[in-house]
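Notes follow the structure.
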Amino acid sequence: MTGKIFRRKDMTISILLLALLVVVAISYPLLALSDPNAIDLTNKNLAPSAEHPLGTDYLGRDILNRLAAGTTTSLSIAAGVSAISLFVGVLIGCISGYYGGIIDETLSRIIDIFLSFPGIVFALAIMGFLGGGVINLILALSVVHWAKYARLMRGQVLSIKENEYVLSAKIIGAGDFHIMRKHLIPNSVATVIILATIDIGHVLLSIAALNFLGIGLPADIPEWGAMLSAGKEFMRTSPYQTIFPGMAITMVVIIFSIIGEGLRDIFDPNDTGGEYL
Amino acid sequence: MSYLNVSSLCVDFLTENGSVKAVNDISFEMKKGETFGIIGESGSGKSVIGQAILRLLPSNAVVNGSISFGAEDLLSLDNKNMRQIRGREISLIPQNPAGSLNPLLKNKIQVAEVFEVMGVNKKEGIKSVLGMLKNLLMKEPARILENHPHELSGGMKQRFLAAMCLSYKPSLLIADEPTKGLDSFSKKGTLDLFRHMKGEHGNSILVITHDLDFALEICDRVAVMYAGQIVEVGPVTDILQIPSHPYTKALLNALPRNGLIPLHGHTPSRIDLPDGCLFYTRCNLRSDKCGTERPATKSIKGGVVRCHLY
Amino acid sequence: MAITLFAVFALTFFLMNVVPGGTSEMILKHTFIGLEESATQEQLAQFSEIYNLNDPLYIQFIDWLKGGIFEGDLGMSFVYHKPVLDLLLLRLPATIILALSSMAIAVVGGVSLGIYAALKENKTADHLLRFLTLFGVSMPGFWVGLILILIFSVYLKMVPVAGYGSLENLILPAFALSIHSLASIMRITRTSMLETLGQDYIKFATSKGLSVNKIISRHALKNAMLPVVTVLGFQMGAMLGGSVIIETVFAWPGIGSLLVNSIFARDLYVVQACIIVIVFLFLIVNFIVDLVYIYLDPRIRYG
């Protein structure tokens, strides 16, 4: 398994880059080298230089510094969204698939309804009325994302529950909870987690989009989408504030796509997209 | 003069794990009007031969040796001339009737292509197909043409494919696993179909099959394949009554009517072939020589065999 | 579909109304800007009457639903003081033009590049296209929009930065909105085309002596399109969502920018209506996609 992963050049590089990003995300706020919000109006809208490798923004804040601090924001929110929506999705999908009947009917219907909203519109509406903030953002995006996982999980459970080992567990009188915890979830969760890995890219794009629209986090939290939104006003004179945050988002999304799709190829060799490098 | 002549044919498939020797130094020839069978277990490489003749193998296949058909060397023809051979000269009834028809197109469109390739007026062509379908014991041929493939049963699909192939009036017909996955009733139908093609149309037919009984019923001569090699070729009556190669004997013994004696062991890996005879580990007549030296083919009365015993 | 639509109506309505700082307070803010403190009970009651806020929530919902379905009355905008329906009708064409042109770019570009990549499997062109797709699905659409503005408006001065009304105005937003779907469609087309080319009926068609062009045009294309059609519905949804942001970037006067502005202005009924229009468009697209699928695949038609 690990061998298969690291035989692929694109996955190896992506995993290393992700590890680096995670280290940055965790250590950056702890190290507190310099304040990403420090305003320096004498040095505003600067082009990249030795002192400011990626330039400064309209308030003279160092762009590289803010991008690094933005890693913490994006990755922690994405992690929160994935954790919550995976938990809810796996649970509901499992219950729906396992019990069947009216429970399945109802839950499937609810899943369908949630899937019939274009995600970002739904998240936008929730954020608009809950107001900004980290917790609200995580909640809004979780509301949007759980249904996908639930549907996949339900399908997995439907196919697994007919297996002999599940039937025999039932025959010897194992409880529903035991069967779900010991048999259904462990045997189907891998597929869902792979989907979630690919999906982290979408979550990151949604975080950026909501903040770009100005409905996301308070202004004192550095975030890539918000940086883009502020930077676009100065596009004519200082395009770096627009270019670099977008590149940062793209890069992180690409990393998650490669890892997620690579994992999928390894788990399901029929559906192979091939390597990227 | 031989009509189809395959000599020293080798087909290797390049895979991630190495190169797989699917067909390993195979030679045989077919006479005009003859029904020739290639018998082997699944994985013996028999279907690869049929596809190699029509050059239908995927791009990771490396083909060596020569295949001559009449005056043409099939492996060195350019694509345009190869297309002239496909269908019109050599027609292949594929092994998976269900998957070989395009599910989205009406049967009629798929038949009409035959006449498109031959340059025959489509209307007249379709008329002749209607006769052919009737001839091949199908009811309501007109309705069948208006249907989509999924509306036909498995046996009907096979007949339909056969009718399509016969419409070319090819000089050689290749049938790849005609009885694969059929129940005994449908097998009987397939047997009738082939007897009919053989008798009425007088085709030369190359039958590729794992079904020993079927081959013995329908063929004039058969070749027995094991692990990518031909181990024995001979007239069907000889093979049936006095098989020479230990593998052929084992195959016959494994038939239900001969006592269903199973053959133990496994076929060797086709990536790293053993030095000696490929059948060595499973052979009950083996000697020391068989483990170290690969036997060459030898002519015996009526055919050839690849074994140190002869 | 009717049940789904009803549930979407209900969900949207209650989501919008059960939030802190309820409806009447919001109207108050919009109607008496700067005078919120001095608004009298009488005035409040009067506005509650106009905006139909006196009844319990479920009655309001039923009234709203009835009004929406039978009279095309989706309530009044607090901000524009106009019927919501009028606002929507004014904005809808812009969104539809943008979405349709983006979809056209995405489908034409995605399908043709996908087929090209499949036919050039594992050659340089294929690798290059696959690498570009990775960027296509990973770049935020609004950033692509900004970069396009930067290149084509700011530096090359070829097209105006924003605006509405001419083809020039449409090019950049349509392209920015299409890029993600284009890449996704290309990807699925390539995969599906390769899978189709490996099918037995392609092999049989080859053995029939057909030319490569015939095999591709008659046997591969239509079959390879089935999975593509399936993702089209989903892509259209993503595109409707994306249009909300792209419209904001390019000041495109469609439903999306109306939605964003109304969220900021807390213009409840407009927000509700925008969401419902977007969901409704999405459901219609999916319905059309189902019809196309049925048309393409005879196995479903009769099965």
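Chain identifiers are assigned as A, B, and so on, following the order in which chains appear in the structure tokens; residues are numbered from 1 within each chain, and ligands are numbered from 1 in order of appearance.
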
Handout entry: Close residues, Met247 of chain A itself excluded, 10 Å, only C-alpha atoms, min 6 positions apart in chain, as a PyMOL selection string
Key = (chain A and resi 224+253) or (chain C and resi 138-140+143)

Practice task
Output as a ChimeraX atom specification the set of chain C residues within 7 Å of chain B, with distances taken over only C-alpha atoms.
Solution key: /C:200-201,203-204,207-210,219,223,297-299

If you take only C-alpha atoms and a cut-off of 8 Å, which residues of chain C touch chain A, and what are their nearest atom pairs and distances in Å to one decimal, in chain and number order, as a Markdown table?
```
| residue | atom | partner | partner_atom | distance |
| --- | --- | --- | --- | --- |
| C:Thr4 | CA | A:Ile113 | CA | 5.7 |
| C:Ala7 | CA | A:Ile113 | CA | 6.9 |
| C:Val8 | CA | A:Ile113 | CA | 6.6 |
| C:Leu15 | CA | A:Ile126 | CA | 7.6 |
| C:Met16 | CA | A:Phe129 | CA | 7.0 |
| C:Val19 | CA | A:Phe129 | CA | 6.5 |
| C:Pro20 | CA | A:Leu130 | CA | 7.7 |
| C:His127 | CA | A:Tyr276 | CA | 7.5 |
| C:Arg130 | CA | A:Tyr276 | CA | 7.2 |
| C:Phe131 | CA | A:Tyr276 | CA | 6.3 |
| C:Leu134 | CA | A:Ile254 | CA | 6.7 |
| C:Phe135 | CA | A:Ile254 | CA | 7.0 |
| C:Ser138 | CA | A:Thr250 | CA | 5.3 |
| C:Met139 | CA | A:Thr250 | CA | 4.7 |
| C:Pro140 | CA | A:Leu205 | CA | 6.1 |
| C:Phe142 | CA | A:Ala209 | CA | 7.6 |
| C:Trp143 | CA | A:Gly246 | CA | 5.9 |
| C:Leu146 | CA | A:Lys232 | CA | 7.3 |
| C:Ile147 | CA | A:Ile243 | CA | 7.3 |
| C:Leu150 | CA | A:Met235 | CA | 7.0 |
| C:Val154 | CA | A:Arg236 | CA | 6.5 |
| C:Thr191 | CA | A:Gly273 | CA | 7.2 |
| C:Gly237 | CA | A:Pro118 | CA | 5.3 |
| C:Ala238 | CA | A:Pro118 | CA | 6.0 |
| C:Leu240 | CA | A:Pro118 | CA | 7.0 |
| C:Gly241 | CA | A:Pro118 | CA | 5.3 |
| C:Gly242 | CA | A:Ile120 | CA | 7.5 |
| C:Val244 | CA | A:Val121 | CA | 7.4 |
| C:Ile245 | CA | A:Leu213 | CA | 7.2 |
| C:Thr248 | CA | A:Leu213 | CA | 7.9 |
| C:Val260 | CA | A:Leu213 | CA | 7.8 |
| C:Ile263 | CA | A:Gly128 | CA | 5.5 |
| C:Phe264 | CA | A:Gly128 | CA | 6.9 |
| C:Arg266 | CA | A:Gly128 | CA | 7.7 |
| C:Val271 | CA | A:Ala125 | CA | 7.6 |
| C:Ile275 | CA | A:Val121 | CA | 7.1 |
| C:Ile278 | CA | A:Pro118 | CA | 7.9 |
| C:Val279 | CA | A:Phe117 | CA | 5.7 |
| C:Phe282 | CA | A:Ser116 | CA | 7.4 |
| C:Leu283 | CA | A:Ser116 | CA | 7.2 |
```

Practice task
Looking only at helix (DSSP H, G or I) from DSSP on the backbone, list the matching residues of segment 29-215 of chain C as a PyMOL selection string.
Solution key: chain C and resi 29-31+36-38+41-50+57-70+84-119+124-138+141-155+167-197+200-207+212-215

Handout entry: Residues flagged strand (DSSP E or B) by DSSP in segment 44-159 of chain B, as a VMD selection string
Key = chain B and resid 61 to 69 72 to 73 86 90 to 93

Deliver the residues from the most recent selection as a file, using C-alpha atoms, as an mmCIF file, in the first residue's frame.
```cif
data_model
loop_
_atom_site.group_PDB
_atom_site.id
_atom_site.type_symbol
_atom_site.label_atom_id
_atom_site.label_comp_id
_atom_site.auth_asym_id
_atom_site.auth_seq_id
_atom_site.Cartn_x
_atom_site.Cartn_y
_atom_site.Cartn_z
ATOM 1 C CA ALA B 61 1.125 -6.491 -27.708
ATOM 2 C CA VAL B 62 4.379 -7.320 -29.494
ATOM 3 C CA VAL B 63 3.845 -9.728 -32.385
ATOM 4 C CA ASN B 64 6.632 -11.716 -34.041
ATOM 5 C CA GLY B 65 6.665 -14.497 -36.608
ATOM 6 C CA SER B 66 4.592 -14.605 -39.741
ATOM 7 C CA ILE B 67 0.981 -15.118 -40.732
ATOM 8 C CA SER B 68 0.331 -15.612 -44.408
ATOM 9 C CA PHE B 69 -3.092 -15.800 -45.927
ATOM 10 C CA GLU B 72 -0.611 -11.908 -48.436
ATOM 11 C CA ASP B 73 1.693 -11.562 -45.460
ATOM 12 C CA ARG B 86 -10.949 -7.655 -42.412
ATOM 13 C CA ILE B 90 -11.409 -13.054 -42.962
ATOM 14 C CA SER B 91 -14.397 -12.567 -40.701
ATOM 15 C CA LEU B 92 -14.330 -12.975 -36.938
ATOM 16 C CA ILE B 93 -17.334 -14.090 -34.895
#
```

Problem - d(atom CA of Leu296 of chain C, atom CA of Thr206 of chain C) in Å - result: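 Separation of atom CA of Leu296 of chain C and atom CA of Thr206 of chain C: 22.8 Å.
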
Exercise for the section: Name all residues at most 10 Å from Thr191 of chain A (count only C-alpha atoms; drop same-chain ones fewer than 4 positions away) and give them as a list in words. Expected result: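 Here the qualifying residues turn out to be Tyr149, Leu152, Met153, Gln156, Asn187, Leu195, Ala196, Thr197, Leu263, Arg264, Phe267 and Asp268 of chain A.
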
Practice task
Pick out the residues sitting within 12 Å of Thr106 of chain A, and hand them over as a list in words; count only C-alpha atoms, and ignore anything fewer than 3 positions along from it in its own chain.
Solution key: Ile92, Gly93, Ile95, Ser96, Gly97, Tyr99, Gly100, Gly101, Ile102, Ile103, Arg109, Ile110, Ile111, Asp112 and Ile113 of chain A; Ile3 and Thr4 of chain C

Can I get the selection written as a short mmCIF file (atom, residue, chain, number, x, y, z; two decimals), in the first residue's frame, with C-alpha atoms?
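And here is the file that came out, part_16.cif:
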```cif
data_model
loop_
_atom_site.label_atom_id
_atom_site.label_comp_id
_atom_site.auth_asym_id
_atom_site.auth_seq_id
_atom_site.Cartn_x
_atom_site.Cartn_y
_atom_site.Cartn_z
CA ILE A 92 -26.58 8.94 8.26
CA GLY A 93 -25.50 6.97 5.19
CA ILE A 95 -28.17 4.12 9.17
CA SER A 96 -30.01 4.69 5.91
CA GLY A 97 -28.37 1.80 4.10
CA TYR A 99 -32.06 -0.21 8.16
CA GLY A 100 -33.67 0.30 4.75
CA GLY A 101 -37.44 0.69 4.55
CA ILE A 102 -39.08 3.89 5.68
CA ILE A 103 -35.94 5.12 7.46
CA ARG A 109 -35.07 12.02 0.41
CA ILE A 110 -33.36 14.42 2.80
CA ILE A 111 -30.00 13.66 1.19
CA ASP A 112 -31.50 14.37 -2.24
CA ILE A 113 -32.84 17.70 -1.08
CA ILE C 3 -41.50 16.91 -3.38
CA THR C 4 -37.90 18.00 -3.65
#
```

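Of the listed residues A:Pro53, A:Gly70, A:Pro218, A:Pro48, the one whose atoms come nearest to Val134 of chain A is A:Pro218, with distances taken using only C-alpha atoms.
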